[in-house]
Amino acid sequence: EGDAVRWLEEKLAACERPACANLVRDKNGDTPLLVAVRGGAGRAVVDALLEGPGGGYGALSEPDAHGDYPIHVLLRAKSVDEKHLRQLVCKYPVVATLRDGHRCLPIELACRRGLGRGTALALAVADLPVGPHDGPVCPHRGPCFGRTWWYLACECEDELAGVLA
């Protein structure tokens with residue numbers, strides 16, 4: 001994996017427009033991050049893409065041709081690195097609010113996959129309907145936050161529903 005990361009870093013550094021390097025698309029409409037996640041690339045490759053030029057929120061908020069964001073592709077993978085997933089959600093909380101092409105939130109996929117309470121809690125904390133110092137109204141977050149809490153409190157029927165308690 002170390003060689004792949006070095007290769008990726010060299011390619012990103014050589015881009016003429018590095019700010020857009022993570023936003024280019026292949027013939028299938030996938031960004032480099034989507035290709036890496038879908039291909040099962042390890043944590044080092046995903047982190048290099050996120051921390052490289054054009055990474056971060058920009059790379060995470062680009063869906064594929066079917067409306068799936070990298071977080072959804074990661075949650076649908078055969079094997080999910082829950083620790084890495086929690087780290088991504090904590091660093092980039094907006095990913096907890098993204099709906100895929102089927103209108104599913106990440107928490108819905110996490111519940112269907114039977115992922116652990118830690119993952120559900122990370123998604124719920126990232127999607128707090130209010131900020132810790134904002135009181136009942138959180139103007140900087142807007143109307144998209146809080147959907148995870150709604151799902152866990154009102155729609156989830158498995159053991160993860162109790163994560164809010």
# chains A, B, ... in the order shown; residues from 1 in each chain; ligands from 1

$ residues_around --residues "Leu109 of chain A" --least-positions-apart "4" --cutoff "9 Å" --atoms "only C-alpha atoms" --output "short mmCIF file (atom, residue, chain, number, x, y, z; two decimals) with all heavy atoms, in the first residue's frame"
data_model
loop_
_atom_site.label_atom_id
_atom_site.label_comp_id
_atom_site.auth_asym_id
_atom_site.auth_seq_id
_atom_site.Cartn_x
_atom_site.Cartn_y
_atom_site.Cartn_z
N HIS A 72 -21.34 6.11 1.21
CA HIS A 72 -22.29 5.03 0.92
C HIS A 72 -21.58 3.84 0.29
O HIS A 72 -21.89 2.69 0.60
CB HIS A 72 -23.40 5.54 0.00
CG HIS A 72 -24.21 6.63 0.62
ND1 HIS A 72 -23.94 7.95 0.37
CD2 HIS A 72 -25.25 6.60 1.49
CE1 HIS A 72 -24.80 8.69 1.06
NE2 HIS A 72 -25.60 7.90 1.75
N LEU A 75 -19.85 2.06 3.02
CA LEU A 75 -20.79 1.30 3.86
C LEU A 75 -21.34 0.05 3.16
O LEU A 75 -21.77 -0.88 3.81
CB LEU A 75 -21.95 2.20 4.29
CG LEU A 75 -21.62 3.18 5.40
CD1 LEU A 75 -22.66 4.28 5.48
CD2 LEU A 75 -21.50 2.46 6.73
N ARG A 76 -21.33 0.05 1.84
CA ARG A 76 -21.81 -1.11 1.08
C ARG A 76 -20.71 -2.11 0.77
O ARG A 76 -20.99 -3.18 0.23
CB ARG A 76 -22.45 -0.67 -0.22
CG ARG A 76 -23.79 -0.01 -0.05
CD ARG A 76 -24.46 0.23 -1.40
NE ARG A 76 -25.75 0.83 -1.23
CZ ARG A 76 -26.01 2.12 -1.42
NH1 ARG A 76 -25.07 2.93 -1.82
NH2 ARG A 76 -27.22 2.59 -1.22
N CYS A 104 -31.12 7.02 0.75
CA CYS A 104 -30.71 6.43 2.02
C CYS A 104 -29.63 7.27 2.69
O CYS A 104 -28.68 7.70 2.04
CB CYS A 104 -30.14 5.02 1.80
SG CYS A 104 -31.37 3.81 1.38
N LEU A 105 -29.79 7.45 3.98
CA LEU A 105 -28.76 8.09 4.80
C LEU A 105 -27.71 7.06 5.18
O LEU A 105 -28.00 5.86 5.23
CB LEU A 105 -29.38 8.64 6.08
CG LEU A 105 -30.29 9.84 5.95
CD1 LEU A 105 -31.07 10.06 7.23
CD2 LEU A 105 -29.47 11.08 5.60
N ARG A 113 -26.49 -3.09 7.65
CA ARG A 113 -25.28 -3.91 7.66
C ARG A 113 -25.00 -4.49 9.04
O ARG A 113 -24.13 -5.33 9.19
CB ARG A 113 -24.07 -3.09 7.23
CG ARG A 113 -24.02 -2.63 5.80
CD ARG A 113 -23.79 -3.77 4.82
NE ARG A 113 -22.67 -4.62 5.10
CZ ARG A 113 -21.44 -4.44 4.67
NH1 ARG A 113 -21.16 -3.41 3.92
NH2 ARG A 113 -20.48 -5.29 4.99
N GLY A 114 -25.69 -4.00 10.05
CA GLY A 114 -25.46 -4.48 11.41
C GLY A 114 -24.14 -4.00 11.98
O GLY A 114 -23.50 -4.70 12.76
N LEU A 115 -23.72 -2.81 11.56
CA LEU A 115 -22.47 -2.27 12.08
C LEU A 115 -22.65 -1.91 13.54
O LEU A 115 -23.75 -1.77 14.04
CB LEU A 115 -22.03 -1.07 11.25
CG LEU A 115 -21.76 -1.35 9.77
CD1 LEU A 115 -21.29 -0.10 9.06
CD2 LEU A 115 -20.76 -2.47 9.59
#

$ residues_around --residues "Asp30 of chain A" --least-positions-apart "2" --cutoff "12 Å" --atoms "only C-alpha atoms" --output "number ranges by chain"
A: 22-28, 32-39, 59-60, 62-70, 73

$ atom_distance --atom1 "atom CA of Lys83 of chain A" --atom2 "atom CA of Thr119 of chain A"
7.9 Å

$ residues_around --residues "segment 90-95 of chain A" --least-positions-apart "6" --cutoff "12 Å" --atoms "only C-alpha atoms" --output "ChimeraX atom specification"
/A:47,50-51,55-63,68-75,83-84,105-107,118-129,131,141-142,144-148

$ write_last_selection --atoms "N, CA and C atoms" --output "short mmCIF file (atom, residue, chain, number, x, y, z; two decimals), in the first residue's frame"
data_model
loop_
_atom_site.label_atom_id
_atom_site.label_comp_id
_atom_site.auth_asym_id
_atom_site.auth_seq_id
_atom_site.Cartn_x
_atom_site.Cartn_y
_atom_site.Cartn_z
N ASP A 47 -6.90 8.13 2.77
CA ASP A 47 -6.46 9.31 3.50
C ASP A 47 -5.60 10.23 2.64
N LEU A 50 -7.94 12.17 0.47
CA LEU A 50 -8.69 13.17 1.23
C LEU A 50 -7.81 14.34 1.66
N GLU A 51 -6.55 14.07 1.95
CA GLU A 51 -5.67 15.13 2.43
C GLU A 51 -4.92 15.82 1.29
N GLY A 55 -9.06 17.46 -2.03
CA GLY A 55 -9.63 16.42 -1.17
C GLY A 55 -10.61 16.98 -0.17
N GLY A 56 -10.75 16.31 0.94
CA GLY A 56 -11.62 16.77 2.01
C GLY A 56 -13.09 16.74 1.63
N TYR A 57 -13.81 17.77 2.06
CA TYR A 57 -15.24 17.82 1.80
C TYR A 57 -15.56 17.77 0.31
N GLY A 58 -14.72 18.41 -0.49
CA GLY A 58 -14.97 18.41 -1.94
C GLY A 58 -15.01 17.02 -2.51
N ALA A 59 -14.04 16.19 -2.15
CA ALA A 59 -13.98 14.82 -2.66
C ALA A 59 -15.09 13.96 -2.09
N LEU A 60 -15.43 14.18 -0.82
CA LEU A 60 -16.47 13.37 -0.17
C LEU A 60 -17.88 13.73 -0.62
N SER A 61 -18.05 14.93 -1.17
CA SER A 61 -19.39 15.36 -1.55
C SER A 61 -19.65 15.25 -3.05
N GLU A 62 -18.86 14.45 -3.72
CA GLU A 62 -19.05 14.21 -5.15
C GLU A 62 -19.65 12.82 -5.36
N PRO A 63 -20.90 12.72 -5.79
CA PRO A 63 -21.51 11.39 -5.99
C PRO A 63 -21.09 10.79 -7.33
N ASP A 68 -24.43 7.77 -5.54
CA ASP A 68 -23.78 7.24 -4.34
C ASP A 68 -22.54 8.06 -4.02
N TYR A 69 -22.43 8.49 -2.77
CA TYR A 69 -21.27 9.22 -2.29
C TYR A 69 -20.25 8.22 -1.76
N PRO A 70 -18.99 8.64 -1.59
CA PRO A 70 -17.98 7.70 -1.07
C PRO A 70 -18.38 7.04 0.25
N ILE A 71 -19.07 7.76 1.13
CA ILE A 71 -19.50 7.17 2.41
C ILE A 71 -20.44 6.00 2.18
N HIS A 72 -21.34 6.11 1.21
CA HIS A 72 -22.29 5.03 0.92
C HIS A 72 -21.58 3.84 0.29
N VAL A 73 -20.64 4.13 -0.61
CA VAL A 73 -19.86 3.05 -1.24
C VAL A 73 -19.08 2.31 -0.16
N LEU A 74 -18.50 3.05 0.77
CA LEU A 74 -17.75 2.43 1.87
C LEU A 74 -18.66 1.57 2.73
N LEU A 75 -19.85 2.06 3.02
CA LEU A 75 -20.79 1.30 3.86
C LEU A 75 -21.34 0.05 3.16
N LYS A 83 -13.47 1.46 12.25
CA LYS A 83 -12.65 2.47 12.91
C LYS A 83 -12.33 3.60 11.93
N HIS A 84 -11.95 3.25 10.72
CA HIS A 84 -11.66 4.26 9.71
C HIS A 84 -12.92 5.05 9.36
N LEU A 105 -29.79 7.45 3.98
CA LEU A 105 -28.76 8.09 4.80
C LEU A 105 -27.71 7.06 5.18
N PRO A 106 -26.50 7.49 5.50
CA PRO A 106 -25.48 6.54 5.96
C PRO A 106 -25.94 5.71 7.16
N ILE A 107 -26.70 6.30 8.08
CA ILE A 107 -27.16 5.54 9.25
C ILE A 107 -28.06 4.38 8.84
N GLY A 118 -20.71 1.87 17.99
CA GLY A 118 -19.74 2.96 17.86
C GLY A 118 -19.92 3.71 16.55
N THR A 119 -20.18 2.97 15.48
CA THR A 119 -20.39 3.58 14.17
C THR A 119 -21.69 4.37 14.17
N ALA A 120 -22.75 3.79 14.72
CA ALA A 120 -24.03 4.49 14.79
C ALA A 120 -23.91 5.75 15.64
N LEU A 121 -23.19 5.65 16.74
CA LEU A 121 -23.01 6.81 17.61
C LEU A 121 -22.21 7.90 16.90
N ALA A 122 -21.17 7.53 16.16
CA ALA A 122 -20.37 8.51 15.42
C ALA A 122 -21.24 9.24 14.40
N LEU A 123 -22.09 8.50 13.69
CA LEU A 123 -22.98 9.12 12.71
C LEU A 123 -23.98 10.04 13.40
N ALA A 124 -24.51 9.61 14.54
CA ALA A 124 -25.49 10.42 15.26
C ALA A 124 -24.86 11.70 15.80
N VAL A 125 -23.66 11.60 16.36
CA VAL A 125 -22.99 12.79 16.90
C VAL A 125 -22.63 13.76 15.77
N ALA A 126 -22.19 13.23 14.64
CA ALA A 126 -21.85 14.09 13.50
C ALA A 126 -23.07 14.81 12.96
N ASP A 127 -24.24 14.23 13.15
CA ASP A 127 -25.48 14.78 12.61
C ASP A 127 -26.35 15.40 13.71
N LEU A 128 -25.71 15.96 14.73
CA LEU A 128 -26.47 16.60 15.80
C LEU A 128 -27.37 17.68 15.22
N PRO A 129 -28.63 17.70 15.62
CA PRO A 129 -29.54 18.73 15.10
C PRO A 129 -29.19 20.13 15.61
N GLY A 131 -25.80 22.49 17.51
CA GLY A 131 -24.40 22.48 17.91
C GLY A 131 -24.29 22.54 19.41
N ARG A 141 -25.70 25.24 10.61
CA ARG A 141 -25.89 23.86 10.18
C ARG A 141 -27.00 23.72 9.16
N GLY A 142 -28.01 24.53 9.25
CA GLY A 142 -29.09 24.47 8.27
C GLY A 142 -30.02 23.30 8.50
N CYS A 144 -30.42 20.47 7.02
CA CYS A 144 -30.06 19.09 6.67
C CYS A 144 -29.62 18.27 7.87
N PHE A 145 -29.22 18.89 8.95
CA PHE A 145 -28.74 18.14 10.10
C PHE A 145 -29.89 17.64 10.98
N GLY A 146 -29.70 16.51 11.59
CA GLY A 146 -30.69 15.93 12.48
C GLY A 146 -31.44 14.74 11.90
N ARG A 147 -31.23 14.43 10.64
CA ARG A 147 -31.96 13.32 10.01
C ARG A 147 -31.57 11.97 10.59
N THR A 148 -30.31 11.82 10.99
CA THR A 148 -29.86 10.57 11.60
C THR A 148 -30.61 10.33 12.90
#

$ atom_distance --atom1 "atom CA of Lys78 of chain A" --atom2 "atom CA of Glu155 of chain A"
24.9 Å

$ atom_distance --atom1 "atom CA of Thr31 of chain A" --atom2 "atom CA of His102 of chain A"
19.6 Å
